[in-house]
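Chemist: What follows is my_file.txt; its format and atoms are compact mmCIF, C-alpha atoms.
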# COMPACT_ATOMS: atom_id res chain seq x y z
CA MET A 1 -1.01 84.96 -15.62
CA SER A 2 0.59 86.39 -12.54
CA GLU A 3 3.95 85.15 -11.25
CA THR A 4 2.40 83.85 -8.06
CA VAL A 5 -0.21 81.75 -9.88
CA VAL A 6 2.41 80.19 -12.19
CA VAL A 7 4.78 79.41 -9.31
CA ALA A 8 1.98 78.05 -7.09
CA GLY A 9 0.68 75.93 -9.98
CA THR A 10 4.15 74.54 -10.69
CA PHE A 11 4.63 73.64 -7.03
CA ALA A 12 1.16 72.04 -6.94
CA ILE A 13 1.74 69.93 -10.08
CA SER A 14 5.19 68.78 -8.88
CA TYR A 15 3.91 67.76 -5.44
CA ALA A 16 0.84 66.12 -7.04
CA LEU A 17 3.14 63.98 -9.23
CA ILE A 18 5.08 62.82 -6.16
CA LEU A 19 1.84 62.12 -4.31
CA ALA A 20 0.39 60.22 -7.28
CA TYR A 21 3.51 58.04 -7.45
CA SER A 22 3.32 57.36 -3.70
CA VAL A 23 -0.35 56.35 -4.01
CA TYR A 24 0.52 54.12 -7.00
CA LEU A 25 3.20 52.38 -4.89
CA HIS A 26 0.77 51.94 -2.00
CA ARG A 27 -1.90 50.37 -4.26
CA ARG A 28 0.63 48.13 -6.01
CA ARG A 29 1.93 46.94 -2.64
CA GLN A 30 -1.61 46.09 -1.53
CA LYS A 31 -2.22 44.21 -4.79
CA ALA A 32 1.04 42.28 -4.38
CA GLY A 33 -0.11 41.04 -0.97
CA SER A 34 2.12 40.30 2.01
CA MET B 1 5.62 47.86 6.31
CA THR B 2 5.79 49.76 9.61
CA ARG B 3 9.34 50.88 8.79
CA ILE B 4 8.16 52.17 5.40
CA ARG B 5 5.22 54.05 6.98
CA VAL B 6 7.58 55.72 9.45
CA LEU B 7 9.91 56.68 6.58
CA PHE B 8 6.98 58.21 4.65
CA GLY B 9 5.88 60.09 7.78
CA VAL B 10 9.37 61.55 8.23
CA ALA B 11 9.55 62.36 4.50
CA ALA B 12 6.15 64.13 4.56
CA ALA B 13 7.22 66.22 7.56
CA ALA B 14 10.54 67.08 5.88
CA MET B 15 8.76 68.04 2.64
CA ALA B 16 6.35 70.28 4.59
CA VAL B 17 9.30 72.04 6.27
CA GLY B 18 10.98 72.36 2.86
CA LEU B 19 7.84 73.89 1.35
CA TRP B 20 7.61 76.38 4.21
CA PHE B 21 11.20 77.53 3.62
CA ALA B 22 10.64 77.63 -0.15
CA LEU B 23 7.62 79.92 0.21
CA THR B 24 9.03 82.19 2.90
CA ALA B 25 12.59 82.74 1.60
CA PRO B 26 13.08 86.21 0.09
CA PRO B 27 12.53 86.24 -3.70
CA ASP B 28 15.30 87.19 -6.12
CA THR B 29 15.41 90.89 -7.05
CA LEU B 30 15.39 90.23 -10.82
CA GLN B 31 13.46 86.97 -11.13
CA GLY B 32 10.89 87.68 -8.42
CA GLU B 33 8.63 84.80 -7.35
CA TYR B 34 9.99 82.55 -10.13
CA SER B 35 13.22 82.17 -8.17
CA ARG B 36 11.30 79.98 -5.69
CA LEU B 37 11.23 77.25 -8.34
CA ILE B 38 14.88 76.53 -7.49
CA ASN B 39 13.56 74.76 -4.39
CA ILE B 40 11.97 72.02 -6.55
CA HIS B 41 14.12 72.19 -9.68
CA VAL B 42 17.53 71.66 -8.05
CA PRO B 43 16.45 69.02 -5.46
CA SER B 44 14.63 67.03 -8.19
CA LEU B 45 17.64 66.90 -10.47
CA TRP B 46 20.02 66.24 -7.55
CA LEU B 47 17.80 63.27 -6.71
CA ALA B 48 17.80 62.11 -10.33
CA PHE B 49 21.64 62.12 -10.33
CA LEU B 50 21.69 60.23 -7.02
CA ALA B 51 19.09 57.74 -8.29
CA PHE B 52 20.90 57.03 -11.56
CA GLY B 53 24.20 56.71 -9.67
CA LEU B 54 22.60 54.04 -7.47
CA THR B 55 21.12 52.38 -10.56
CA ALA B 56 24.67 52.09 -11.90
CA LEU B 57 25.93 50.74 -8.56
CA GLY B 58 23.13 48.14 -8.43
CA SER B 59 23.74 47.20 -12.07
CA ILE B 60 27.49 46.74 -11.65
CA MET B 61 27.01 44.76 -8.44
CA TRP B 62 24.43 42.53 -10.12
CA LEU B 63 26.78 41.83 -13.03
CA TRP B 64 29.48 40.96 -10.48
CA LYS B 65 27.55 39.06 -7.78
CA GLN B 66 24.31 38.07 -9.60
CA LYS B 67 22.30 38.67 -6.42
CA GLN B 68 18.67 39.62 -6.98
CA HIS B 69 18.63 42.45 -4.42
CA TRP B 70 21.14 44.43 -6.54
CA ASP B 71 18.75 44.26 -9.50
CA ARG B 72 15.93 45.40 -7.22
CA LEU B 73 18.01 48.39 -6.11
CA ALA B 74 18.92 49.32 -9.70
CA SER B 75 15.39 49.09 -11.12
CA ALA B 76 13.69 50.85 -8.18
CA SER B 77 16.20 53.69 -8.32
CA ALA B 78 15.82 54.11 -12.10
CA GLU B 79 12.02 54.40 -11.81
CA ILE B 80 12.28 57.07 -9.10
CA GLY B 81 15.06 58.83 -11.04
CA VAL B 82 12.82 59.07 -14.12
CA LEU B 83 10.02 60.61 -12.03
CA PHE B 84 12.34 63.25 -10.58
CA THR B 85 13.98 64.00 -13.94
CA ALA B 86 10.48 64.65 -15.31
CA ILE B 87 9.76 67.04 -12.42
CA GLY B 88 13.14 68.74 -12.94
CA LEU B 89 12.48 69.18 -16.67
CA PHE B 90 8.95 70.47 -16.07
CA THR B 91 9.97 73.04 -13.43
CA GLY B 92 12.94 74.06 -15.60
CA MET B 93 10.67 74.68 -18.59
CA VAL B 94 8.29 76.83 -16.55
CA TRP B 95 11.22 78.76 -15.11
CA GLY B 96 12.95 79.10 -18.48
CA ASN B 97 9.77 80.35 -20.12
CA ALA B 98 9.52 83.06 -17.47
CA VAL B 99 13.13 84.28 -17.34
CA TRP B 100 14.58 83.33 -20.76
CA GLY B 101 11.40 83.88 -22.76
CA ARG B 102 11.39 80.28 -24.02
CA ALA B 103 10.55 76.97 -22.38
CA TRP B 104 12.93 74.86 -24.44
CA ASP B 105 15.98 75.21 -26.68
CA TRP B 106 17.40 72.11 -28.39
CA GLY B 107 20.62 74.06 -28.97
CA ASP B 108 21.28 74.28 -25.25
CA PRO B 109 23.62 71.49 -24.03
CA ARG B 110 22.23 71.33 -20.46
CA LEU B 111 18.63 71.02 -21.61
CA THR B 112 19.41 68.58 -24.40
CA THR B 113 21.66 66.27 -22.33
CA THR B 114 19.02 66.19 -19.57
CA ALA B 115 16.31 65.27 -22.09
CA VAL B 116 18.51 62.52 -23.56
CA MET B 117 19.19 61.19 -20.04
CA PHE B 118 15.44 61.14 -19.36
CA PHE B 119 14.69 59.18 -22.54
CA VAL B 120 17.56 56.71 -22.01
CA TYR B 121 16.25 55.81 -18.54
CA LEU B 122 12.70 55.61 -19.92
CA GLY B 123 14.22 53.12 -22.36
CA TYR B 124 15.76 51.26 -19.41
CA LEU B 125 12.29 50.88 -17.86
CA ALA B 126 10.80 49.84 -21.23
CA LEU B 127 13.56 47.23 -21.63
CA ARG B 128 12.70 45.73 -18.26
CA ASN B 129 9.01 45.56 -19.18
CA ALA B 130 9.78 43.93 -22.53
CA VAL B 131 11.47 40.84 -21.02
CA ASP B 132 9.73 38.20 -18.89
CA ASP B 133 12.67 36.01 -17.87
CA PRO B 134 14.02 37.55 -14.60
CA LEU B 135 17.62 36.57 -15.36
CA VAL B 136 17.62 37.96 -18.90
CA LYS B 137 15.81 41.08 -17.66
CA ALA B 138 18.41 41.64 -14.93
CA ARG B 139 21.37 40.99 -17.26
CA ARG B 140 20.20 43.28 -20.08
CA SER B 141 19.09 46.12 -17.84
CA SER B 142 22.29 45.88 -15.75
CA VAL B 143 24.43 46.37 -18.84
CA LEU B 144 22.36 49.42 -19.81
CA GLY B 145 22.28 50.74 -16.23
CA ALA B 146 26.06 50.49 -15.93
CA ILE B 147 26.68 52.28 -19.25
CA ALA B 148 23.92 54.93 -19.07
CA VAL B 149 25.42 56.56 -15.96
CA VAL B 150 28.13 58.24 -18.09
CA GLN B 151 25.43 60.80 -18.91
CA VAL B 152 25.23 62.05 -15.32
CA PRO B 153 28.62 63.86 -15.24
CA LEU B 154 27.98 65.01 -18.82
CA VAL B 155 24.69 66.65 -17.77
CA TYR B 156 26.24 68.14 -14.62
CA PHE B 157 29.34 69.60 -16.29
CA SER B 158 27.62 70.58 -19.57
CA VAL B 159 27.23 74.15 -18.25
CA ASN B 160 31.02 74.37 -17.74
CA LEU B 161 32.04 72.56 -20.92
CA PHE B 162 29.81 74.40 -23.41
CA ARG B 163 28.24 77.81 -23.90
CA THR B 164 24.71 77.47 -22.58
CA LEU B 165 21.59 79.46 -21.88
CA HIS B 166 21.48 77.70 -18.52
CA GLN B 167 23.44 79.27 -15.69
CA THR B 168 26.49 77.55 -14.18
CA GLN B 169 26.35 75.83 -10.77
CA SER B 170 25.13 77.97 -7.86
CA ILE B 171 27.29 76.05 -5.38
CA ARG B 172 30.95 75.85 -6.35
CA PRO B 173 34.17 74.88 -4.55
CA ASP B 174 34.92 78.61 -4.04
CA GLY B 175 31.50 79.32 -2.44
CA SER B 176 27.87 79.99 -3.36
CA THR B 177 26.47 82.61 -5.73
CA MET B 178 23.18 82.71 -3.79
CA PRO B 179 22.11 84.85 -0.81
CA SER B 180 22.27 82.80 2.40
CA GLU B 181 18.45 82.73 3.00
CA MET B 182 17.84 81.29 -0.49
CA LEU B 183 20.74 78.86 -0.11
CA VAL B 184 19.45 77.57 3.25
CA ALA B 185 15.94 77.06 1.80
CA MET B 186 17.34 75.17 -1.17
CA LEU B 187 19.59 72.94 0.98
CA ILE B 188 16.67 72.12 3.32
CA ASN B 189 14.67 71.06 0.26
CA VAL B 190 17.59 68.98 -1.03
CA ALA B 191 17.65 67.19 2.35
CA ALA B 192 13.84 66.75 2.33
CA PHE B 193 13.85 65.32 -1.20
CA THR B 194 16.67 62.94 -0.21
CA ILE B 195 14.61 61.63 2.73
CA LEU B 196 11.66 61.23 0.33
CA TYR B 197 13.93 59.26 -2.01
CA VAL B 198 14.86 56.88 0.82
CA ALA B 199 11.16 56.30 1.62
CA LEU B 200 10.20 55.76 -2.03
CA MET B 201 13.15 53.38 -2.51
CA ALA B 202 12.17 51.34 0.55
CA ALA B 203 8.58 51.05 -0.71
CA ARG B 204 9.54 50.26 -4.32
CA MET B 205 12.12 47.61 -3.33
CA ASP B 206 9.61 46.02 -0.95
CA ILE B 207 7.08 45.73 -3.81
CA ALA B 208 9.73 44.18 -6.08
CA ARG B 209 10.63 41.64 -3.35
CA VAL B 210 7.00 40.62 -2.74
CA GLU B 211 6.26 40.39 -6.49
CA GLU B 212 9.34 38.19 -7.02
CA MET B 213 8.23 35.88 -4.20
CA SER B 214 4.76 35.53 -5.73
CA ARG B 215 6.30 34.63 -9.12
CA GLU B 216 8.53 31.89 -7.70
CA PRO B 217 7.04 28.44 -8.54
CA GLY B 218 5.77 26.42 -5.60
CA THR B 219 6.79 22.82 -4.94
CA LEU B 220 5.09 20.41 -7.28
CA ALA B 221 4.26 16.79 -6.39
CA GLY B 222 6.37 15.70 -9.34
CA ASP B 223 9.50 17.35 -7.90
CA ALA B 224 9.78 14.57 -5.32
CA ILE B 225 9.75 11.81 -7.92
CA LYS B 226 13.00 10.94 -9.67
CA ALA B 227 13.25 8.81 -12.76
CA PRO B 228 15.47 5.74 -12.18
CA LYS B 229 18.87 5.90 -13.84
CA LEU B 230 19.62 3.30 -16.46
CA ASN B 231 22.57 1.78 -14.55
CA GLU B 232 20.38 1.38 -11.43
CA VAL B 233 17.82 -0.54 -13.48
CA LYS B 234 20.49 -2.74 -15.07
CA ASP B 235 21.77 -4.03 -11.67
CA VAL B 236 18.36 -5.45 -10.65
What would the structure in this file look like if it were written as structure tokens?
Modeler:
Amino acid sequence: MSETVVVAGTFAISYALILAYSVYLHRRRQKAGS
Amino acid sequence: MTRIRVLFGVAAAAMAVGLWFALTAPPDTLQGEYSRLINIHVPSLWLAFLAFGLTALGSIMWLWKQKQHWDRLASASAEIGVLFTAIGLFTGMVWGNAVWGRAWDWGDPRLTTTAVMFFVYLGYLALRNAVDDPLVKARRSSVLGAIAVVQVPLVYFSVNLFRTLHQTQSIRPDGSTMPSEMLVAMLINVAAFTILYVALMAARMDIARVEEMSREPGTLAGDAIKAPKLNEVKDV
């Protein structure tokens, strides 16, 4: 695998984890109500 | 909620700027494109140290003052710290595999202490989930949160205290070992990740507050009725 693909994939997975956690927080907040 | 949305908007913009700098900074002569991983690896672990430091602060303050908001701060920060430690470990393994020829080495003090720190804070989260009583949960996790923070300086200084595969700090009191363009990109990402941490903390603490309110028992009709005391009955 080329360097660029590995680095791009690592960036993508890291940002996806942060995004997934943010979405999880958003859904949990909606479930908790106001 | 509006305040949290604004914080997430600012964090997203900061992360986008950070990504731009990470992808446009000149690559290292020896490590090539892999050197760009520093822009996620270092900010993630910086954030983990900050998060676990605030978990300790919240834990100590809860043990002292017994105010619920300190427990909220400690638990929210630990959860976010675990996420960023996982990202730091993952990016470090990819980077290590590329430049050291191996993703992991249990003989390396920096890697091993970081893994232990990750599992201890996973244990902290498991401990909180294992207890239902809010007071017992706060007390037990505060004791652990106040003690577990001793690992943070151990992880940070492990590269100075022991012989390791991992390099020593890039930013030292006597200056930086990095070219200025790479240093600027990394510091911008550190700032962006810190703003993201503030947004995630605000959201996570808000959820904890709302969930606590929903668990509080409402007023029951029986609360207004008091049983007569024996001496009151005797006087009649």
Chemist: What separation in Å, quoted to one decimal, exists between atom CA of Arg28 of chain A and atom CA of Met61 of chain B?
Modeler: 26.7 Å
Chemist: Using all atoms listed in the file, pick whichever of B:Trp62, B:Gln68, B:Ala98, B:Val131 has the shortest atom-to-atom distance to chain A.
Modeler: B:Ala98
Chemist: Kindly provide, as a PyMOL selection string, the residues of chain A having any atom no farther than 7 Å from an atom of chain B, counting only C-alpha atoms.
Modeler: chain A and resi 3-4+7+10+14+25+29+32+34
Chemist: Counting all atoms listed in the file, find residues at most 9 Å from (15.9, 45.7, -17.7) (file frame) and give them as an mmCIF file with C-alpha atoms, in the coordinates of the input.
Modeler:
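Final file, selection17.cif:
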data_model
loop_
_atom_site.group_PDB
_atom_site.id
_atom_site.type_symbol
_atom_site.label_atom_id
_atom_site.label_comp_id
_atom_site.auth_asym_id
_atom_site.auth_seq_id
_atom_site.Cartn_x
_atom_site.Cartn_y
_atom_site.Cartn_z
ATOM 1 C CA ASP B 71 18.750 44.260 -9.500
ATOM 2 C CA SER B 75 15.390 49.090 -11.120
ATOM 3 C CA GLY B 123 14.220 53.120 -22.360
ATOM 4 C CA TYR B 124 15.760 51.260 -19.410
ATOM 5 C CA LEU B 125 12.290 50.880 -17.860
ATOM 6 C CA ALA B 126 10.800 49.840 -21.230
ATOM 7 C CA LEU B 127 13.560 47.230 -21.630
ATOM 8 C CA ARG B 128 12.700 45.730 -18.260
ATOM 9 C CA ASN B 129 9.010 45.560 -19.180
ATOM 10 C CA ALA B 130 9.780 43.930 -22.530
ATOM 11 C CA VAL B 131 11.470 40.840 -21.020
ATOM 12 C CA PRO B 134 14.020 37.550 -14.600
ATOM 13 C CA VAL B 136 17.620 37.960 -18.900
ATOM 14 C CA LYS B 137 15.810 41.080 -17.660
ATOM 15 C CA ALA B 138 18.410 41.640 -14.930
ATOM 16 C CA ARG B 139 21.370 40.990 -17.260
ATOM 17 C CA ARG B 140 20.200 43.280 -20.080
ATOM 18 C CA SER B 141 19.090 46.120 -17.840
ATOM 19 C CA SER B 142 22.290 45.880 -15.750
ATOM 20 C CA VAL B 143 24.430 46.370 -18.840
ATOM 21 C CA LEU B 144 22.360 49.420 -19.810
ATOM 22 C CA GLY B 145 22.280 50.740 -16.230
#
Chemist: So, with all atoms listed in the file as the atoms that count, which of B:Met201, B:Val10, B:Val120, B:Val150 lies closest to Gly53 of chain B?
Modeler: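 Residue with the minimum atom-to-atom distance to Gly53 of chain B: B:Val150.
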Chemist: With 3 Å of padding per side, what axis-aligned box (centre and edge lengths, Å, one decimal) covers all the listed atoms of segment 125-137 of chain B? Give it as JSON.
Modeler:
{"center_x": 13.3, "center_y": 43.4, "center_z": -18.6, "size_x": 14.6, "size_y": 20.9, "size_z": 13.9}
Chemist: Compile the contact shell of Ser170 of chain B as a PyMOL selection string: residues with an atom at most 10 Å away, counting only C-alpha atoms, same-chain residues fewer than 6 positions apart removed.
Modeler: chain B and resi 42+176-178+183
Chemist: Filtering to C-alpha atoms, could you give me those residues as a short mmCIF file (atom, residue, chain, number, x, y, z; two decimals), in the coordinates of the input?
Modeler:
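Below you can see part33.cif, which holds the result:
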data_model
loop_
_atom_site.label_atom_id
_atom_site.label_comp_id
_atom_site.auth_asym_id
_atom_site.auth_seq_id
_atom_site.Cartn_x
_atom_site.Cartn_y
_atom_site.Cartn_z
CA VAL B 42 17.53 71.66 -8.05
CA SER B 176 27.87 79.99 -3.36
CA THR B 177 26.47 82.61 -5.73
CA MET B 178 23.18 82.71 -3.79
CA LEU B 183 20.74 78.86 -0.11
#
Chemist: How far is it from atom CA of Ala51 of chain B to atom CA of Ser77 of chain B, in Å with one decimal?
Modeler: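 Interatomic distance here is 5.0 Å.
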Chemist: For segment 76-100 of chain B, supply N, CA and C atoms and format the output as a PDB file, in the frame of the given file.
Modeler:
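Result file selection.pdb:
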ATOM      1  N   ALA B  76      14.482  49.922  -9.000  1.00  0.00           N
ATOM      2  CA  ALA B  76      13.690  50.850  -8.180  1.00  0.00           C
ATOM      3  C   ALA B  76      14.243  52.264  -8.304  1.00  0.00           C
ATOM      4  N   SER B  77      15.562  52.375  -8.262  1.00  0.00           N
ATOM      5  CA  SER B  77      16.200  53.690  -8.320  1.00  0.00           C
ATOM      6  C   SER B  77      15.992  54.350  -9.676  1.00  0.00           C
ATOM      7  N   ALA B  78      16.029  53.552 -10.756  1.00  0.00           N
ATOM      8  CA  ALA B  78      15.820  54.110 -12.100  1.00  0.00           C
ATOM      9  C   ALA B  78      14.409  54.676 -12.238  1.00  0.00           C
ATOM     10  N   GLU B  79      13.417  53.946 -11.705  1.00  0.00           N
ATOM     11  CA  GLU B  79      12.020  54.400 -11.810  1.00  0.00           C
ATOM     12  C   GLU B  79      11.837  55.742 -11.084  1.00  0.00           C
ATOM     13  N   ILE B  80      12.406  55.830  -9.889  1.00  0.00           N
ATOM     14  CA  ILE B  80      12.280  57.070  -9.100  1.00  0.00           C
ATOM     15  C   ILE B  80      13.090  58.193  -9.781  1.00  0.00           C
ATOM     16  N   GLY B  81      14.241  57.839 -10.327  1.00  0.00           N
ATOM     17  CA  GLY B  81      15.060  58.830 -11.040  1.00  0.00           C
ATOM     18  C   GLY B  81      14.330  59.421 -12.233  1.00  0.00           C
ATOM     19  N   VAL B  82      13.587  58.589 -12.961  1.00  0.00           N
ATOM     20  CA  VAL B  82      12.820  59.070 -14.120  1.00  0.00           C
ATOM     21  C   VAL B  82      11.739  60.060 -13.661  1.00  0.00           C
ATOM     22  N   LEU B  83      11.060  59.715 -12.563  1.00  0.00           N
ATOM     23  CA  LEU B  83      10.020  60.610 -12.030  1.00  0.00           C
ATOM     24  C   LEU B  83      10.614  61.984 -11.697  1.00  0.00           C
ATOM     25  N   PHE B  84      11.762  61.978 -11.004  1.00  0.00           N
ATOM     26  CA  PHE B  84      12.340  63.250 -10.580  1.00  0.00           C
ATOM     27  C   PHE B  84      13.007  64.010 -11.728  1.00  0.00           C
ATOM     28  N   THR B  85      13.473  63.290 -12.743  1.00  0.00           N
ATOM     29  CA  THR B  85      13.980  64.000 -13.940  1.00  0.00           C
ATOM     30  C   THR B  85      12.816  64.704 -14.630  1.00  0.00           C
ATOM     31  N   ALA B  86      11.661  64.037 -14.694  1.00  0.00           N
ATOM     32  CA  ALA B  86      10.480  64.650 -15.310  1.00  0.00           C
ATOM     33  C   ALA B  86      10.077  65.918 -14.555  1.00  0.00           C
ATOM     34  N   ILE B  87      10.111  65.852 -13.228  1.00  0.00           N
ATOM     35  CA  ILE B  87       9.760  67.040 -12.420  1.00  0.00           C
ATOM     36  C   ILE B  87      10.802  68.146 -12.642  1.00  0.00           C
ATOM     37  N   GLY B  88      12.071  67.760 -12.693  1.00  0.00           N
ATOM     38  CA  GLY B  88      13.140  68.740 -12.940  1.00  0.00           C
ATOM     39  C   GLY B  88      12.999  69.403 -14.298  1.00  0.00           C
ATOM     40  N   LEU B  89      12.664  68.619 -15.320  1.00  0.00           N
ATOM     41  CA  LEU B  89      12.480  69.180 -16.670  1.00  0.00           C
ATOM     42  C   LEU B  89      11.263  70.113 -16.704  1.00  0.00           C
ATOM     43  N   PHE B  90      10.188  69.678 -16.073  1.00  0.00           N
ATOM     44  CA  PHE B  90       8.950  70.470 -16.070  1.00  0.00           C
ATOM     45  C   PHE B  90       9.168  71.827 -15.369  1.00  0.00           C
ATOM     46  N   THR B  91       9.756  71.777 -14.176  1.00  0.00           N
ATOM     47  CA  THR B  91       9.970  73.040 -13.430  1.00  0.00           C
ATOM     48  C   THR B  91      10.972  73.923 -14.182  1.00  0.00           C
ATOM     49  N   GLY B  92      11.965  73.293 -14.822  1.00  0.00           N
ATOM     50  CA  GLY B  92      12.940  74.060 -15.600  1.00  0.00           C
ATOM     51  C   GLY B  92      12.304  74.752 -16.784  1.00  0.00           C
ATOM     52  N   MET B  93      11.351  74.078 -17.421  1.00  0.00           N
ATOM     53  CA  MET B  93      10.670  74.680 -18.590  1.00  0.00           C
ATOM     54  C   MET B  93       9.815  75.870 -18.171  1.00  0.00           C
ATOM     55  N   VAL B  94       9.119  75.715 -17.047  1.00  0.00           N
ATOM     56  CA  VAL B  94       8.290  76.830 -16.550  1.00  0.00           C
ATOM     57  C   VAL B  94       9.188  78.023 -16.211  1.00  0.00           C
ATOM     58  N   TRP B  95      10.280  77.726 -15.531  1.00  0.00           N
ATOM     59  CA  TRP B  95      11.220  78.760 -15.110  1.00  0.00           C
ATOM     60  C   TRP B  95      11.881  79.418 -16.332  1.00  0.00           C
ATOM     61  N   GLY B  96      12.319  78.592 -17.269  1.00  0.00           N
ATOM     62  CA  GLY B  96      12.950  79.100 -18.480  1.00  0.00           C
ATOM     63  C   GLY B  96      12.013  79.989 -19.284  1.00  0.00           C
ATOM     64  N   ASN B  97      10.765  79.567 -19.377  1.00  0.00           N
ATOM     65  CA  ASN B  97       9.770  80.350 -20.120  1.00  0.00           C
ATOM     66  C   ASN B  97       9.612  81.737 -19.508  1.00  0.00           C
ATOM     67  N   ALA B  98       9.706  81.781 -18.167  1.00  0.00           N
ATOM     68  CA  ALA B  98       9.520  83.060 -17.470  1.00  0.00           C
ATOM     69  C   ALA B  98      10.745  83.966 -17.584  1.00  0.00           C
ATOM     70  N   VAL B  99      11.940  83.407 -17.411  1.00  0.00           N
ATOM     71  CA  VAL B  99      13.130  84.280 -17.340  1.00  0.00           C
ATOM     72  C   VAL B  99      13.949  84.338 -18.629  1.00  0.00           C
ATOM     73  N   TRP B 100      13.853  83.301 -19.490  1.00  0.00           N
ATOM     74  CA  TRP B 100      14.580  83.330 -20.760  1.00  0.00           C
ATOM     75  C   TRP B 100      13.667  83.712 -21.931  1.00  0.00           C
TER      76      TRP B 100
END
